[in-house]
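Structure file structure.pdb; described as PDB, C-alpha atoms.
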```pdb
MODEL        1
ATOM      1  CA  MET A   1     -62.933  32.655  12.541  1.00  0.00           C
ATOM      2  CA  LEU A   2     -59.195  33.139  12.637  1.00  0.00           C
ATOM      3  CA  GLU A   3     -57.428  35.858  14.576  1.00  0.00           C
ATOM      4  CA  LYS A   4     -56.774  39.187  12.861  1.00  0.00           C
ATOM      5  CA  GLU A   5     -53.031  38.433  12.652  1.00  0.00           C
ATOM      6  CA  TYR A   6     -53.723  35.625  10.152  1.00  0.00           C
ATOM      7  CA  TYR A   7     -55.494  38.042   7.804  1.00  0.00           C
ATOM      8  CA  ASP A   8     -52.829  40.722   8.258  1.00  0.00           C
ATOM      9  CA  LYS A   9     -50.099  38.223   7.353  1.00  0.00           C
ATOM     10  CA  THR A  10     -52.134  37.043   4.365  1.00  0.00           C
ATOM     11  CA  ASP A  11     -52.456  40.651   3.189  1.00  0.00           C
ATOM     12  CA  GLU A  12     -48.641  40.925   3.349  1.00  0.00           C
ATOM     13  CA  ILE A  13     -48.276  37.720   1.350  1.00  0.00           C
ATOM     14  CA  ILE A  14     -50.757  38.894  -1.274  1.00  0.00           C
ATOM     15  CA  ALA A  15     -48.976  42.262  -1.531  1.00  0.00           C
ATOM     16  CA  SER A  16     -45.670  40.488  -2.184  1.00  0.00           C
ATOM     17  CA  HIS A  17     -47.123  38.447  -5.064  1.00  0.00           C
ATOM     18  CA  GLY A  18     -49.889  40.445  -6.700  1.00  0.00           C
ATOM     19  CA  ARG A  19     -53.637  40.224  -7.057  1.00  0.00           C
ATOM     20  CA  THR A  20     -54.156  38.271 -10.257  1.00  0.00           C
ATOM     21  CA  GLN A  21     -55.456  34.774 -10.816  1.00  0.00           C
ATOM     22  CA  LYS A  22     -51.953  33.563 -11.734  1.00  0.00           C
ATOM     23  CA  ASP A  23     -50.761  34.567  -8.246  1.00  0.00           C
ATOM     24  CA  LEU A  24     -53.093  32.139  -6.466  1.00  0.00           C
ATOM     25  CA  ILE A  25     -50.715  29.167  -6.240  1.00  0.00           C
ATOM     26  CA  PRO A  26     -47.665  31.096  -4.979  1.00  0.00           C
ATOM     27  CA  ILE A  27     -49.865  32.900  -2.446  1.00  0.00           C
ATOM     28  CA  ILE A  28     -51.413  29.751  -1.000  1.00  0.00           C
ATOM     29  CA  GLN A  29     -48.025  28.023  -1.032  1.00  0.00           C
ATOM     30  CA  GLU A  30     -46.602  30.798   1.115  1.00  0.00           C
ATOM     31  CA  ILE A  31     -49.619  30.739   3.438  1.00  0.00           C
ATOM     32  CA  GLN A  32     -49.158  27.000   3.912  1.00  0.00           C
ATOM     33  CA  GLU A  33     -45.443  27.493   4.521  1.00  0.00           C
ATOM     34  CA  GLU A  34     -46.247  30.106   7.175  1.00  0.00           C
ATOM     35  CA  TYR A  35     -48.889  28.066   9.059  1.00  0.00           C
ATOM     36  CA  ARG A  36     -47.888  24.494   8.088  1.00  0.00           C
ATOM     37  CA  TYR A  37     -51.358  24.074   6.551  1.00  0.00           C
ATOM     38  CA  LEU A  38     -53.838  26.071   4.483  1.00  0.00           C
ATOM     39  CA  PRO A  39     -56.617  27.399   6.710  1.00  0.00           C
ATOM     40  CA  PRO A  40     -59.849  27.218   4.677  1.00  0.00           C
ATOM     41  CA  GLU A  41     -60.855  30.672   5.910  1.00  0.00           C
ATOM     42  CA  LEU A  42     -57.712  32.121   4.365  1.00  0.00           C
ATOM     43  CA  LEU A  43     -58.320  30.380   1.058  1.00  0.00           C
ATOM     44  CA  SER A  44     -61.750  32.025   0.896  1.00  0.00           C
ATOM     45  CA  TYR A  45     -60.196  35.339   1.909  1.00  0.00           C
ATOM     46  CA  VAL A  46     -57.556  35.080  -0.815  1.00  0.00           C
ATOM     47  CA  ALA A  47     -60.201  34.243  -3.423  1.00  0.00           C
ATOM     48  CA  GLY A  48     -62.047  37.421  -2.490  1.00  0.00           C
ATOM     49  CA  LYS A  49     -58.884  39.518  -2.615  1.00  0.00           C
ATOM     50  CA  LEU A  50     -57.966  38.094  -6.044  1.00  0.00           C
ATOM     51  CA  ASN A  51     -61.540  38.511  -7.265  1.00  0.00           C
ATOM     52  CA  ILE A  52     -61.879  34.861  -8.257  1.00  0.00           C
ATOM     53  CA  PRO A  53     -64.679  32.469  -7.286  1.00  0.00           C
ATOM     54  CA  GLU A  54     -64.102  30.515  -4.064  1.00  0.00           C
ATOM     55  CA  SER A  55     -64.888  27.357  -5.987  1.00  0.00           C
ATOM     56  CA  GLN A  56     -61.961  28.042  -8.316  1.00  0.00           C
ATOM     57  CA  ALA A  57     -59.576  28.590  -5.393  1.00  0.00           C
ATOM     58  CA  TYR A  58     -60.768  25.369  -3.740  1.00  0.00           C
ATOM     59  CA  SER A  59     -60.470  23.525  -7.039  1.00  0.00           C
ATOM     60  CA  VAL A  60     -56.810  24.510  -7.291  1.00  0.00           C
ATOM     61  CA  ALA A  61     -56.033  23.781  -3.627  1.00  0.00           C
ATOM     62  CA  THR A  62     -57.670  20.353  -3.698  1.00  0.00           C
ATOM     63  CA  PHE A  63     -56.120  19.390  -7.039  1.00  0.00           C
ATOM     64  CA  TYR A  64     -52.564  19.566  -5.687  1.00  0.00           C
ATOM     65  CA  GLU A  65     -51.805  16.927  -3.082  1.00  0.00           C
ATOM     66  CA  ASN A  66     -49.259  19.061  -1.237  1.00  0.00           C
ATOM     67  CA  PHE A  67     -51.931  21.465   0.051  1.00  0.00           C
ATOM     68  CA  SER A  68     -53.456  20.462   3.362  1.00  0.00           C
ATOM     69  CA  PHE A  69     -56.503  21.905   5.111  1.00  0.00           C
ATOM     70  CA  GLU A  70     -55.581  20.083   8.320  1.00  0.00           C
ATOM     71  CA  PRO A  71     -53.193  21.653  10.856  1.00  0.00           C
ATOM     72  CA  LYS A  72     -49.800  19.945  11.057  1.00  0.00           C
ATOM     73  CA  GLY A  73     -47.707  19.269  14.117  1.00  0.00           C
ATOM     74  CA  LYS A  74     -44.495  21.087  14.977  1.00  0.00           C
ATOM     75  CA  TYR A  75     -42.555  18.106  13.611  1.00  0.00           C
ATOM     76  CA  LEU A  76     -43.723  16.804  10.238  1.00  0.00           C
ATOM     77  CA  ILE A  77     -42.394  13.271   9.815  1.00  0.00           C
ATOM     78  CA  LYS A  78     -42.542  11.808   6.318  1.00  0.00           C
ATOM     79  CA  VAL A  79     -41.765   8.120   5.930  1.00  0.00           C
ATOM     80  CA  CYS A  80     -40.818   7.087   2.418  1.00  0.00           C
ATOM     81  CA  ASP A  81     -42.594   4.039   1.052  1.00  0.00           C
ATOM     82  CA  GLY A  82     -41.161   4.137  -2.444  1.00  0.00           C
ATOM     83  CA  THR A  83     -39.781   0.939  -3.948  1.00  0.00           C
ATOM     84  CA  ALA A  84     -36.264   1.144  -2.495  1.00  0.00           C
ATOM     85  CA  CYS A  85     -37.499   2.100   0.984  1.00  0.00           C
ATOM     86  CA  HIS A  86     -40.337  -0.438   0.922  1.00  0.00           C
ATOM     87  CA  VAL A  87     -37.983  -3.280  -0.026  1.00  0.00           C
ATOM     88  CA  ARG A  88     -35.655  -2.198   2.780  1.00  0.00           C
ATOM     89  CA  LYS A  89     -38.494  -2.387   5.330  1.00  0.00           C
ATOM     90  CA  SER A  90     -40.004   1.091   5.659  1.00  0.00           C
ATOM     91  CA  ILE A  91     -43.379  -0.333   6.772  1.00  0.00           C
ATOM     92  CA  PRO A  92     -42.078  -1.593  10.155  1.00  0.00           C
ATOM     93  CA  ILE A  93     -40.646   1.915  10.697  1.00  0.00           C
ATOM     94  CA  LEU A  94     -44.037   3.450   9.947  1.00  0.00           C
ATOM     95  CA  GLU A  95     -45.798   0.974  12.233  1.00  0.00           C
ATOM     96  CA  ALA A  96     -43.339   1.686  15.066  1.00  0.00           C
ATOM     97  CA  LEU A  97     -43.949   5.420  14.694  1.00  0.00           C
ATOM     98  CA  TYR A  98     -47.728   4.973  14.664  1.00  0.00           C
ATOM     99  CA  SER A  99     -47.450   2.975  17.875  1.00  0.00           C
ATOM    100  CA  GLU A 100     -45.026   5.361  19.594  1.00  0.00           C
ATOM    101  CA  LEU A 101     -47.093   8.417  18.678  1.00  0.00           C
ATOM    102  CA  GLY A 102     -50.514   6.859  19.286  1.00  0.00           C
ATOM    103  CA  LEU A 103     -51.554   7.528  15.703  1.00  0.00           C
ATOM    104  CA  PHE A 104     -53.182   5.511  12.930  1.00  0.00           C
ATOM    105  CA  LYS A 105     -54.009   5.971   9.241  1.00  0.00           C
ATOM    106  CA  GLY A 106     -57.082   8.119   9.909  1.00  0.00           C
ATOM    107  CA  LYS A 107     -55.326  10.234  12.550  1.00  0.00           C
ATOM    108  CA  GLN A 108     -52.028  11.740  11.462  1.00  0.00           C
ATOM    109  CA  THR A 109     -51.388  14.428  14.088  1.00  0.00           C
ATOM    110  CA  THR A 110     -50.858  13.995  17.816  1.00  0.00           C
ATOM    111  CA  GLU A 111     -53.273  15.726  20.215  1.00  0.00           C
ATOM    112  CA  ASP A 112     -50.485  17.989  21.514  1.00  0.00           C
ATOM    113  CA  MET A 113     -49.795  19.161  17.921  1.00  0.00           C
ATOM    114  CA  LEU A 114     -46.169  18.096  18.290  1.00  0.00           C
ATOM    115  CA  PHE A 115     -46.044  15.437  15.537  1.00  0.00           C
ATOM    116  CA  THR A 116     -47.675  14.761  12.189  1.00  0.00           C
ATOM    117  CA  LEU A 117     -46.877  11.458  10.501  1.00  0.00           C
ATOM    118  CA  GLU A 118     -47.281  10.977   6.755  1.00  0.00           C
ATOM    119  CA  THR A 119     -46.175   8.481   4.141  1.00  0.00           C
ATOM    120  CA  VAL A 120     -44.821   9.621   0.800  1.00  0.00           C
ATOM    121  CA  SER A 121     -44.148   7.779  -2.427  1.00  0.00           C
ATOM    122  CA  CYS A 122     -40.559   8.953  -2.761  1.00  0.00           C
ATOM    123  CA  LEU A 123     -38.178  11.321  -1.019  1.00  0.00           C
ATOM    124  CA  GLY A 124     -35.516  11.066  -3.728  1.00  0.00           C
ATOM    125  CA  ALA A 125     -32.934   9.460  -1.461  1.00  0.00           C
ATOM    126  CA  CYS A 126     -33.159   5.859  -2.655  1.00  0.00           C
ATOM    127  CA  GLY A 127     -29.479   5.142  -2.039  1.00  0.00           C
ATOM    128  CA  LEU A 128     -30.001   5.969   1.652  1.00  0.00           C
ATOM    129  CA  ALA A 129     -33.097   3.766   2.075  1.00  0.00           C
ATOM    130  CA  PRO A 130     -35.047   3.378   4.202  1.00  0.00           C
ATOM    131  CA  VAL A 131     -35.433   7.106   4.739  1.00  0.00           C
ATOM    132  CA  LEU A 132     -37.630   9.461   6.665  1.00  0.00           C
ATOM    133  CA  THR A 133     -37.587  13.222   7.006  1.00  0.00           C
ATOM    134  CA  VAL A 134     -38.443  15.483   9.902  1.00  0.00           C
ATOM    135  CA  ASN A 135     -39.290  18.981   8.693  1.00  0.00           C
ATOM    136  CA  ASP A 136     -37.388  18.170   5.477  1.00  0.00           C
ATOM    137  CA  LYS A 137     -34.202  17.015   7.239  1.00  0.00           C
ATOM    138  CA  VAL A 138     -33.268  13.579   5.871  1.00  0.00           C
ATOM    139  CA  TYR A 139     -32.600  10.667   8.239  1.00  0.00           C
ATOM    140  CA  PRO A 140     -31.041   7.764   6.295  1.00  0.00           C
ATOM    141  CA  ALA A 141     -30.789   4.026   6.989  1.00  0.00           C
ATOM    142  CA  MET A 142     -33.617   4.113   9.499  1.00  0.00           C
ATOM    143  CA  THR A 143     -34.839   1.243  11.624  1.00  0.00           C
ATOM    144  CA  PRO A 144     -37.901   1.110  13.860  1.00  0.00           C
ATOM    145  CA  GLU A 145     -35.638   1.533  16.883  1.00  0.00           C
ATOM    146  CA  LYS A 146     -33.821   4.554  15.414  1.00  0.00           C
ATOM    147  CA  ALA A 147     -37.149   6.146  14.497  1.00  0.00           C
ATOM    148  CA  ILE A 148     -38.488   5.749  18.045  1.00  0.00           C
ATOM    149  CA  ASP A 149     -35.233   7.138  19.474  1.00  0.00           C
ATOM    150  CA  LEU A 150     -35.543  10.133  17.139  1.00  0.00           C
ATOM    151  CA  VAL A 151     -39.122  10.850  18.278  1.00  0.00           C
ATOM    152  CA  ARG A 152     -38.087  10.606  21.915  1.00  0.00           C
ATOM    153  CA  GLU A 153     -35.172  12.964  21.264  1.00  0.00           C
ATOM    154  CA  LEU A 154     -37.517  15.480  19.610  1.00  0.00           C
ATOM    155  CA  ARG A 155     -39.846  15.214  22.599  1.00  0.00           C
ATOM    156  CA  GLY A 156     -36.921  15.903  24.891  1.00  0.00           C
ATOM    157  CA  VAL A 157     -37.321  12.581  26.707  1.00  0.00           C
TER     158      VAL A 157
ENDMDL
END
```
Encoded form using structure tokens:
Amino acid sequence: MLEKEYYDKTDEIIASHGRTQKDLIPIIQEIQEEYRYLPPELLSYVAGKLNIPESQAYSVATFYENFSFEPKGKYLIKVCDGTACHVRKSIPILEALYSELGLFKGKQTTEDMLFTLETVSCLGACGLAPVLTVNDKVYPAMTPEKAIDLVRELRGV
């Protein structure tokens, strides 16, 4: 069970959007923006408040890839592996980050909840490849060494 503050904030979000079925996506988008993930308890809560079946709310949330039921770290790192980035060696960058952060494909978030590492198909910055983002800030022309330096800088090391 989540703390009361989560439900109070969700009530504010619902009030700002409305209580109809068409408001579901904007509501859960804002909840995810607030908490960096979509707590399943809040999705159920929203379904009840909108008077829609939980199964329908879960169907919507699981259909769209950008919704996550897993908590994200303070720094969300997205490594592009689209064609331009892949050709310009994005995989060694990803591997260096996995190693530096002690992560692997089945484990995307560090124990201290500081970093989450994801791959994406395209970040729309092909001319700057290889690219990664940290909390949506673009870092162009990356190398494994630059990526490790960036992580260490974010850690304050």
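Of the residues listed (A:Val131, A:Val157, A:Ala125, A:Leu2), A:Val131 shows the shortest atom-to-atom separation from Ser90 (chain A); distances use all atoms listed in the file.
We find CA of Tyr37 (chain A) and CA of Asp8 (chain A) to be spaced 16.8 Å apart.
One finds CA of Glu33 (chain A) at 15.6 Å from CA of Glu5 (chain A).
Using all atoms listed in the file, the shortest contact distance between Leu38 (chain A) and any of A:Cys80, A:Ile148, A:Val138, A:Ala57 is found at A:Ala57.
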Selected by the PyMOL selection byres ((chain A and resi 113) around 12) in the shown coordinates: which residues, as a PDB file with C-alpha atoms, keeping the file's coordinate frame?
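Output file out-v7.pdb is given in full below:
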```pdb
ATOM      1  CA  ARG A  36     -47.888  24.494   8.088  1.00  0.00           C
ATOM      2  CA  GLU A  70     -55.581  20.083   8.320  1.00  0.00           C
ATOM      3  CA  PRO A  71     -53.193  21.653  10.856  1.00  0.00           C
ATOM      4  CA  LYS A  72     -49.800  19.945  11.057  1.00  0.00           C
ATOM      5  CA  GLY A  73     -47.707  19.269  14.117  1.00  0.00           C
ATOM      6  CA  LYS A  74     -44.495  21.087  14.977  1.00  0.00           C
ATOM      7  CA  TYR A  75     -42.555  18.106  13.611  1.00  0.00           C
ATOM      8  CA  LEU A  76     -43.723  16.804  10.238  1.00  0.00           C
ATOM      9  CA  LEU A 101     -47.093   8.417  18.678  1.00  0.00           C
ATOM     10  CA  LEU A 103     -51.554   7.528  15.703  1.00  0.00           C
ATOM     11  CA  LYS A 107     -55.326  10.234  12.550  1.00  0.00           C
ATOM     12  CA  GLN A 108     -52.028  11.740  11.462  1.00  0.00           C
ATOM     13  CA  THR A 109     -51.388  14.428  14.088  1.00  0.00           C
ATOM     14  CA  THR A 110     -50.858  13.995  17.816  1.00  0.00           C
ATOM     15  CA  GLU A 111     -53.273  15.726  20.215  1.00  0.00           C
ATOM     16  CA  ASP A 112     -50.485  17.989  21.514  1.00  0.00           C
ATOM     17  CA  LEU A 114     -46.169  18.096  18.290  1.00  0.00           C
ATOM     18  CA  PHE A 115     -46.044  15.437  15.537  1.00  0.00           C
ATOM     19  CA  THR A 116     -47.675  14.761  12.189  1.00  0.00           C
ATOM     20  CA  LEU A 117     -46.877  11.458  10.501  1.00  0.00           C
ATOM     21  CA  ARG A 155     -39.846  15.214  22.599  1.00  0.00           C
TER      22      ARG A 155
END
```
For the structure shown, which residues end up in the PyMOL selection byres ((chain A and resi 145) around 12)? Put them as an MDAnalysis selection string, please?
chainID A and resid 92:97 99:100 141:144 146:152
Could you please determine the separation between CA of Ser68 (chain A) and CA of Ala15 (chain A) in Å, to one decimal place?
22.8 Å
Evaluate the PyMOL selection byres ((chain A and resi 9) around 12) and report residues as an mmCIF file with C-alpha atoms, keeping the file's coordinate frame:
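The resulting file, part07.cif, is shown below:
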```
data_model
loop_
_atom_site.group_PDB
_atom_site.id
_atom_site.type_symbol
_atom_site.label_atom_id
_atom_site.label_comp_id
_atom_site.auth_asym_id
_atom_site.auth_seq_id
_atom_site.Cartn_x
_atom_site.Cartn_y
_atom_site.Cartn_z
ATOM 1 C CA LEU A 2 -59.195 33.139 12.637
ATOM 2 C CA GLU A 3 -57.428 35.858 14.576
ATOM 3 C CA LYS A 4 -56.774 39.187 12.861
ATOM 4 C CA GLU A 5 -53.031 38.433 12.652
ATOM 5 C CA TYR A 6 -53.723 35.625 10.152
ATOM 6 C CA TYR A 7 -55.494 38.042 7.804
ATOM 7 C CA ASP A 8 -52.829 40.722 8.258
ATOM 8 C CA THR A 10 -52.134 37.043 4.365
ATOM 9 C CA ASP A 11 -52.456 40.651 3.189
ATOM 10 C CA GLU A 12 -48.641 40.925 3.349
ATOM 11 C CA ILE A 13 -48.276 37.720 1.350
ATOM 12 C CA ILE A 14 -50.757 38.894 -1.274
ATOM 13 C CA ALA A 15 -48.976 42.262 -1.531
ATOM 14 C CA SER A 16 -45.670 40.488 -2.184
ATOM 15 C CA ILE A 27 -49.865 32.900 -2.446
ATOM 16 C CA ILE A 28 -51.413 29.751 -1.000
ATOM 17 C CA GLU A 30 -46.602 30.798 1.115
ATOM 18 C CA ILE A 31 -49.619 30.739 3.438
ATOM 19 C CA GLN A 32 -49.158 27.000 3.912
ATOM 20 C CA GLU A 34 -46.247 30.106 7.175
ATOM 21 C CA TYR A 35 -48.889 28.066 9.059
ATOM 22 C CA LEU A 42 -57.712 32.121 4.365
ATOM 23 C CA TYR A 45 -60.196 35.339 1.909
ATOM 24 C CA VAL A 46 -57.556 35.080 -0.815
#
```
For Gln21 (chain A), please output as a VMD selection string all residues within 9 Å (counting only C-alpha atoms; exclusion window: fewer than 4 positions along the same chain).
chain A and resid 25 47 50 to 52
Restricting to all atoms listed in the file, whichever of A:Val134, A:Thr119, A:Lys89, A:Leu24 is closest to Tyr58 (chain A) is A:Leu24
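Nearest to Pro140 (chain A) of all the residues A:Glu54, A:Arg88, A:Ser121, A:Tyr98 is A:Arg88, counting all atoms listed in the file.
Using all atoms listed in the file, the smallest distance between any of A:Gln29, A:Ser44, A:Asn135, A:Thr83 and Tyr64 (chain A) comes from A:Gln29.
With only C-alpha atoms as the atoms that count, the residue of A:Asp23, A:Glu41, A:Glu65, A:Asp136 with the shortest distance to Gly124 (chain A) is A:Asp136.
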